[in-house]
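So this block is run_36.txt, compact mmCIF, C-alpha atoms:
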# COMPACT_ATOMS: atom_id res chain seq x y z
CA MET D 1 23.50 15.25 -0.36
CA ARG D 2 21.60 18.21 1.02
CA LYS D 3 18.69 17.61 3.37
CA TRP D 4 18.61 13.87 2.84
CA TRP D 5 16.95 12.82 6.10
CA TRP D 6 13.45 12.76 4.62
CA LYS D 7 14.57 10.45 1.84
CA ILE D 8 15.72 7.94 4.45
CA LEU D 9 12.41 8.45 6.26
CA CYS D 10 10.61 7.79 2.96
CA VAL D 11 12.47 4.50 2.43
CA LEU D 12 11.88 3.39 6.03
CA LEU D 13 8.15 4.21 5.83
CA LEU D 14 7.79 2.31 2.55
CA ILE D 15 9.62 -0.72 3.94
CA TYR D 16 7.25 -0.53 6.93
CA ALA D 17 4.30 -0.28 4.55
CA VAL D 18 5.36 -3.38 2.59
CA VAL D 19 6.26 -5.58 5.57
CA GLY D 20 3.50 -4.33 7.88
CA GLY D 21 0.93 -4.11 5.12
CA LEU D 22 1.31 -7.78 4.23
CA LEU D 23 1.59 -9.07 7.79
CA VAL D 24 -1.01 -6.97 9.65
CA LYS D 25 -4.09 -8.82 10.89
CA ILE D 26 -7.03 -7.65 8.83
CA PRO D 27 -10.73 -7.81 9.66
CA ASN D 28 -12.63 -10.50 7.78
CA LEU D 29 -14.60 -8.54 5.20
CA PRO D 30 -17.11 -9.82 2.64
CA VAL D 31 -16.21 -9.44 -1.07
CA LEU D 32 -12.79 -7.94 -0.28
CA GLY D 33 -11.06 -10.64 1.77
CA GLU D 34 -7.28 -10.26 1.72
CA THR D 35 -7.46 -7.65 -1.04
CA ILE D 36 -8.19 -4.97 1.59
CA ARG D 37 -4.41 -4.82 1.97
CA ASN D 38 -4.46 -2.87 -1.28
CA LEU D 39 -5.57 0.06 0.89
CA PHE D 40 -1.90 0.70 1.71
CA TYR D 41 -0.79 0.68 -1.93
CA HIS D 42 -3.72 1.65 -4.19
CA VAL D 43 -5.04 4.44 -1.96
CA GLY D 44 -1.43 5.43 -1.26
CA MET D 45 -1.05 6.33 -4.95
CA TRP D 46 -3.98 8.76 -4.67
CA ALA D 47 -2.62 10.23 -1.44
CA ALA D 48 0.71 10.86 -3.16
CA MET D 49 -1.10 12.38 -6.15
CA PHE D 50 -2.97 14.82 -3.90
CA VAL D 51 0.24 15.90 -2.18
CA LEU D 52 2.02 16.40 -5.52
CA PHE D 53 -0.83 18.41 -7.03
CA THR D 54 -0.91 20.54 -3.88
CA CYS D 55 2.85 21.23 -4.22
CA SER D 56 2.21 22.12 -7.85
CA LEU D 57 -0.49 24.59 -6.81
CA VAL D 58 1.76 26.22 -4.21
CA HIS D 59 4.50 26.72 -6.81
CA SER D 60 2.02 28.14 -9.31
CA ILE D 61 0.79 30.69 -6.76
CA ARG D 62 4.38 31.58 -5.88
CA TYR D 63 5.15 32.05 -9.57
CA LEU D 64 2.22 34.42 -9.94
CA SER D 65 3.27 36.47 -6.91
CA LYS D 66 7.03 36.55 -7.55
CA GLY D 67 7.45 35.86 -11.25
CA ASN D 68 10.37 33.47 -10.81
CA LEU D 69 10.46 30.93 -13.65
CA LYS D 70 12.03 28.40 -11.31
CA ASN D 71 8.62 28.09 -9.62
CA ASP D 72 7.05 27.44 -13.02
CA ILE D 73 9.42 24.52 -13.66
CA ALA D 74 8.65 23.16 -10.19
CA ALA D 75 4.89 23.47 -10.69
CA SER D 76 4.94 21.62 -14.02
CA GLN D 77 7.21 18.84 -12.75
CA TYR D 78 5.15 18.26 -9.59
CA ALA D 79 2.05 18.04 -11.77
CA SER D 80 3.65 15.55 -14.15
CA VAL D 81 4.75 13.23 -11.33
CA GLY D 82 1.28 13.64 -9.83
CA ILE D 83 -0.26 12.43 -13.09
CA VAL D 84 2.04 9.39 -13.07
CA PHE D 85 0.86 8.51 -9.56
CA GLY D 86 -2.74 9.08 -10.61
CA LEU D 87 -2.36 6.69 -13.54
CA LEU D 88 -0.76 4.12 -11.23
CA GLY D 89 -3.74 4.52 -8.90
CA TYR D 90 -6.08 3.97 -11.83
CA ALA D 91 -4.23 0.89 -13.03
CA THR D 92 -4.07 -0.70 -9.57
CA GLY D 93 -7.73 0.13 -9.01
CA ALA D 94 -8.65 -1.60 -12.27
CA VAL D 95 -6.92 -4.80 -11.16
CA TRP D 96 -8.45 -4.60 -7.69
CA ALA D 97 -11.96 -4.03 -9.02
CA SER D 98 -11.79 -6.92 -11.49
CA TYR D 99 -11.38 -9.38 -8.63
CA THR D 100 -13.87 -7.81 -6.23
CA TRP D 101 -16.65 -5.55 -7.57
CA ALA D 102 -16.58 -6.69 -11.18
CA ASP D 103 -15.83 -10.33 -10.41
CA PRO D 104 -18.31 -12.43 -12.45
CA ASN D 105 -18.23 -15.07 -9.70
CA ASN D 106 -19.41 -12.53 -7.16
CA PRO D 107 -23.21 -12.51 -6.78
CA ALA D 108 -23.31 -9.44 -4.51
CA PHE D 109 -23.09 -6.91 -7.34
CA ASP D 110 -24.45 -6.90 -10.82
CA SER D 111 -20.89 -7.02 -12.02
CA PHE D 112 -19.60 -4.65 -14.65
CA SER D 113 -22.56 -2.27 -14.79
CA ALA D 114 -22.06 -1.40 -11.12
CA VAL D 115 -18.43 -0.53 -11.75
CA ALA D 116 -19.17 1.39 -14.93
CA ARG D 117 -21.58 3.60 -13.00
CA GLU D 118 -19.06 4.17 -10.23
CA PRO D 119 -18.87 7.99 -9.84
CA LYS D 120 -15.39 7.95 -8.33
CA LEU D 121 -14.03 6.34 -11.49
CA ILE D 122 -15.56 8.98 -13.70
CA GLY D 123 -14.61 11.78 -11.32
CA THR D 124 -10.95 10.81 -11.21
CA ALA D 125 -10.91 10.42 -14.99
CA VAL D 126 -12.22 13.99 -15.30
CA ALA D 127 -9.67 15.28 -12.79
CA LEU D 128 -6.78 13.57 -14.60
CA LEU D 129 -7.99 14.85 -17.97
CA ILE D 130 -8.03 18.38 -16.56
CA TYR D 131 -4.38 17.91 -15.61
CA PHE D 132 -3.58 16.46 -19.06
CA ALA D 133 -5.00 19.66 -20.49
CA TYR D 134 -2.53 21.60 -18.30
CA PHE D 135 0.33 20.04 -20.26
CA ILE D 136 -1.39 20.51 -23.60
CA LEU D 137 -1.82 24.18 -22.70
CA ARG D 138 1.83 24.47 -21.70
CA SER D 139 3.16 22.91 -24.87
CA SER D 140 0.96 25.06 -27.08
CA ILE D 141 2.43 28.40 -26.00
CA GLN D 142 5.85 29.43 -27.32
CA ASP D 143 6.63 32.47 -25.21
CA MET D 144 8.14 31.41 -21.88
CA ASP D 145 6.67 34.07 -19.60
CA GLN D 146 3.26 33.86 -21.18
CA LYS D 147 3.32 30.07 -20.95
CA ALA D 148 4.26 30.25 -17.28
CA ARG D 149 1.61 32.80 -16.36
CA ILE D 150 -1.31 31.28 -18.26
CA SER D 151 -0.51 27.74 -17.14
CA ALA D 152 -0.11 28.89 -13.51
CA VAL D 153 -3.60 30.39 -13.58
CA TYR D 154 -4.95 27.26 -15.27
CA ASN D 155 -3.24 25.10 -12.63
CA ILE D 156 -5.15 26.91 -9.89
CA PHE D 157 -8.43 26.19 -11.69
CA ALA D 158 -7.39 22.56 -12.19
CA PHE D 159 -6.72 22.18 -8.49
CA ALA D 160 -10.06 23.79 -7.70
CA MET D 161 -11.73 21.05 -9.75
CA LEU D 162 -9.71 18.25 -8.14
CA PHE D 163 -11.61 18.03 -4.86
CA PRO D 164 -15.14 18.36 -6.27
CA THR D 165 -14.50 15.69 -8.92
CA ILE D 166 -12.70 13.17 -6.72
CA MET D 167 -13.95 13.82 -3.22
CA ILE D 168 -17.28 15.67 -3.20
CA VAL D 169 -19.36 14.54 -6.18
CA PRO D 170 -18.65 10.78 -5.78
CA ARG D 171 -19.79 11.11 -2.16
CA LEU D 172 -23.12 12.64 -3.13
CA LEU D 173 -23.92 9.78 -5.52
CA PRO D 174 -24.27 6.08 -4.75
CA SER D 175 -20.75 4.70 -4.91
CA LEU D 176 -18.98 1.43 -4.29
CA HIS D 177 -16.05 3.16 -2.66
CA PRO D 178 -16.11 3.38 1.13
CA GLY D 179 -16.48 6.64 3.05
CA GLN D 180 -20.03 7.42 2.00
CA ASP D 181 -21.45 8.36 5.36
CA GLY D 182 -20.28 11.55 6.98
CA ASN D 183 -16.75 12.79 7.02
CA PRO D 184 -14.24 10.02 6.29
CA ALA D 185 -11.41 11.96 7.93
CA LEU D 186 -13.27 11.89 11.23
CA ASN D 187 -14.84 8.45 10.85
CA PHE D 188 -12.67 5.95 12.66
CA LYS D 189 -14.92 2.99 11.97
CA ASP D 190 -13.99 2.67 8.27
CA ALA D 191 -10.78 0.81 9.00
CA SER D 192 -9.54 -1.13 12.00
CA PRO D 193 -7.02 0.67 14.24
CA GLU D 194 -4.29 -1.82 13.29
CA MET D 195 -4.80 -0.93 9.64
CA ARG D 196 -4.73 2.79 10.39
CA MET D 197 -1.31 2.24 11.98
CA ILE D 198 -0.02 1.08 8.59
CA GLU D 199 -2.22 3.26 6.41
CA TYR D 200 -1.05 6.73 7.44
CA PRO D 201 2.72 5.96 7.49
CA ALA D 202 2.29 4.26 4.10
CA PHE D 203 0.56 7.36 2.68
CA ILE D 204 3.33 9.62 3.97
CA GLY D 205 5.93 7.25 2.51
CA TRP D 206 4.34 7.23 -0.96
CA ALA D 207 3.93 11.00 -0.89
CA LEU D 208 7.58 11.47 0.05
CA LEU D 209 8.62 9.12 -2.77
CA GLY D 210 6.63 11.23 -5.22
CA VAL D 211 8.18 14.44 -3.94
CA TRP D 212 11.64 12.84 -4.20
CA ILE D 213 11.12 11.91 -7.86
CA ALA D 214 9.72 15.37 -8.54
CA THR D 215 12.72 17.15 -6.96
CA ILE D 216 15.07 15.14 -9.17
CA LYS D 217 13.07 16.12 -12.26
CA ILE D 218 12.96 19.75 -11.17
CA ARG D 219 16.74 19.91 -10.71
CA LEU D 220 17.27 18.29 -14.11
CA HIS D 221 14.97 20.73 -15.89
CA TYR D 222 16.38 23.68 -14.01
CA THR D 223 19.96 22.89 -15.06
CA LYS D 224 18.73 22.30 -18.60
CA GLU D 225 16.88 25.60 -18.90
CA LYS D 226 19.01 27.72 -16.60
CA TYR D 227 20.43 29.87 -19.40
CA PHE D 228 17.05 30.57 -20.92
CA ILE D 229 15.26 31.68 -17.80
CA LYS D 230 17.74 34.29 -16.59
CA MET Q 1 26.34 -1.64 -11.75
CA LYS Q 2 29.10 -3.52 -9.93
CA TRP Q 3 27.05 -3.52 -6.72
CA LEU Q 4 24.00 -4.74 -8.55
CA MET Q 5 25.96 -7.70 -9.89
CA VAL Q 6 27.21 -8.55 -6.39
CA LEU Q 7 23.64 -8.33 -5.10
CA LEU Q 8 22.38 -10.60 -7.86
CA CYS Q 9 25.10 -13.16 -7.12
CA CYS Q 10 23.98 -13.20 -3.47
CA LEU Q 11 20.35 -13.98 -4.31
CA PRO Q 12 20.76 -17.81 -4.46
CA LEU Q 13 21.77 -17.67 -0.78
CA LEU Q 14 18.20 -16.70 0.05
CA ALA Q 15 16.85 -19.71 -1.81
CA SER Q 16 19.00 -22.35 -0.10
CA ALA Q 17 16.58 -23.07 2.74
CA GLN Q 18 14.99 -26.21 4.09
CA PRO Q 19 11.18 -26.36 4.08
CA SER Q 20 10.91 -27.30 7.76
CA GLU Q 21 10.62 -24.54 10.35
CA ASN Q 22 11.97 -21.84 8.09
CA LEU Q 23 10.55 -18.32 8.31
CA MET Q 24 10.32 -18.09 4.53
CA TYR Q 25 8.05 -21.15 4.37
CA SER Q 26 5.68 -20.14 7.17
CA ASN Q 27 2.32 -18.39 6.82
CA GLY Q 28 1.62 -19.66 3.32
CA ARG Q 29 5.01 -18.32 2.14
CA ILE Q 30 3.89 -14.68 2.39
CA TYR Q 31 7.45 -13.72 3.37
CA VAL Q 32 8.59 -14.64 -0.13
CA VAL Q 33 6.25 -11.96 -1.46
CA ILE Q 34 7.57 -9.49 1.10
CA VAL Q 35 11.17 -10.14 0.06
CA VAL Q 36 10.26 -9.75 -3.63
CA MET Q 37 8.50 -6.46 -2.94
CA LEU Q 38 11.38 -5.21 -0.82
CA ILE Q 39 13.89 -6.04 -3.57
CA ILE Q 40 11.80 -4.09 -6.09
CA LEU Q 41 11.43 -1.17 -3.69
CA LEU Q 42 15.11 -1.03 -2.82
CA GLY Q 43 16.04 -1.39 -6.48
CA LEU Q 44 13.91 1.62 -7.35
CA VAL Q 45 15.32 3.61 -4.43
CA LEU Q 46 18.92 2.81 -5.44
CA TYR Q 47 18.04 3.89 -8.96
CA LEU Q 48 16.71 7.21 -7.62
CA VAL Q 49 19.87 7.73 -5.56
CA ARG Q 50 22.01 7.06 -8.63
CA LEU Q 51 20.00 9.53 -10.68
CA GLU Q 52 20.40 12.10 -7.96
CA ARG Q 53 24.18 11.63 -7.87
CA LYS Q 54 24.34 12.03 -11.64
CA ILE Q 55 22.36 15.27 -11.52
CA LYS Q 56 24.54 16.51 -8.66
CA LYS Q 57 27.59 15.96 -10.88
CA ILE Q 58 25.96 17.86 -13.75
CA GLU Q 59 25.00 20.69 -11.39
CA ASP Q 60 28.53 20.96 -10.04
CA LYS Q 61 30.01 20.98 -13.53
CA ASP Q 62 27.46 23.57 -14.54
CA GLN Q 63 28.43 25.90 -11.72
CA GLN Q 64 32.13 25.75 -12.62
CA VAL Q 65 31.45 26.90 -16.17
Can you dump the structure from the file as C-alpha cells?
Amino acid sequence: MRKWWWKILCVLLLIYAVVGGLLVKIPNLPVLGETIRNLFYHVGMWAAMFVLFTCSLVHSIRYLSKGNLKNDIAASQYASVGIVFGLLGYATGAVWASYTWADPNNPAFDSFSAVAREPKLIGTAVALLIYFAYFILRSSIQDMDQKARISAVYNIFAFAMLFPTIMIVPRLLPSLHPGQDGNPALNFKDASPEMRMIEYPAFIGWALLGVWIATIKIRLHYTKEKYFIK
Amino acid sequence: MKWLMVLLCCLPLLASAQPSENLMYSNGRIYVVIVVMLIILLGLVLYLVRLERKIKKIEDKDQQV
C-alpha cells in the first residue's frame, strides 16, 4: 500500500457526504423540495468527471513533451473513467429532471419541451461524444507511437471543447440549471452555507474515488502492456 | 469472501429494533436510507481495495520474472 492516505480521506469524505447530505437542513425551495440533496451526488459526478478529464489532459501533454508511453496509458484510462462518471451524471440527472422540471404534475414549466431545449443537456452530450470519439480514434490506429501522439493531440482539443460546451454556452442561453447570473464560483447565494459545507467535501470525495479507480486501471494496463512499450 | 459472509450474517442484528424511541425509526426513517447507502459505498470501497491487492500481487510477480 503506497501512498494510501488519500484513499482513506476519500472514503471518509464520501461517508460524510452520504450522512451529512441526507441529514443537513435544506432551504425550502419551490419545485425541488428535498431533491436539492441531489446536489451532493448528481453534481458530484460532474465534478469528478472534470477532475478526471483534467488529469487526462495533463498526462497527454506530458506524453507529448516526454514521449513516455506510460503517460499515454494514464491519459486514456483517466478519460475512460471520466466518461463513466459523465454517464452516471447524465443518468442521475435524467431521474432528477423527471420528478422536477419534466414532472407532468408540475405547472411551473411546460414540461418536456423545456427540458428538451435545455442547453446544458445538449452541451454535455456534445462534450461526452467528443470524448467517445477519442476512444474511436485510439482504437482505429494500429501503430502504438502514432496512436499515442495523435490521440494526445486530440485529447487536448477535446478538453478545449469541454468548458465551452458544458460551462460557457449553456450560461449564455436560457437554461433551467442554476448559476445563470454572474460567476457561479464567486456567487455564494446559489446554495445555503450549510449545503456548501457538504457540497465541496462531497465533490472532493467523488473526485478522489474517480482517481482511485483510474489508478487501478492504469496499473492493470501498464502491467499488461509493459513488454510492448519498452 | 469470508468477511462478506460474516458481514451478511450480522445484518439481521440491525433489524432487531423496537419502533419506540429508536434512532433508526426517527425522522421518517431516513437513517435506514443512510445505512443502505453506507453499505453500498463500503461494499464498493472494499471491492476496490480487493482489486488493488490483486493487482499488487500481479505487479510483484511480474517484477520477479
Worksheet item: What are the residues of chain Q that have an atom within 8 Å of an atom of chain D, counting all atoms listed in the file, as a list in words?
Response: Ile30, Ile34, Met37, Leu38, Leu41, Val45, Leu48, Leu51, Glu52, Ile55, Ile58, Glu59 and Asp62 of chain Q
Env of Phe53 in chain D: 8 Å cut, atoms = all atoms listed in the file, seq-sep filter 3 positions within chain, self excluded. Answer as a tab-separated table (two decimals) with C-alpha atoms, in the frame of the given file.
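Just written: out_36.tsv:
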chain	number	residue	atom	x	y	z
D	49	MET	CA	-1.10	12.38	-6.15
D	50	PHE	CA	-2.97	14.82	-3.90
D	56	SER	CA	2.21	22.12	-7.85
D	57	LEU	CA	-0.49	24.59	-6.81
D	78	TYR	CA	5.15	18.26	-9.59
D	79	ALA	CA	2.05	18.04	-11.77
D	82	GLY	CA	1.28	13.64	-9.83
D	159	PHE	CA	-6.72	22.18	-8.49
Worksheet, complete the sentence: What separates CA of Val81 in chain D and CA of Cys55 in chain D is a distance of 10.9 Å
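The gap separating CA of Ala152 in chain D from CA of Val126 in chain D is 19.3 Å, in Å to one decimal.
Computed from the coordinates, the CA of Ala127 in chain D to CA of Tyr154 in chain D distance equals 13.1 Å.
Closest approach to Val153 in chain D among D:Arg196, D:Lys3, D:Lys70, D:His59: D:His59, based on all atoms listed in the file.
Using all atoms listed in the file for every distance, the candidate list D:Phe40, D:Tyr63, D:Trp5, D:Phe203 yields D:Tyr63 as the residue closest to Ser76 in chain D.
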Worksheet item: Of the residues D:Arg171, D:Arg149, D:Arg37, D:His221, which is the one nearest to Lys66 in chain D, using all atoms listed in the file?
Response: D:Arg149
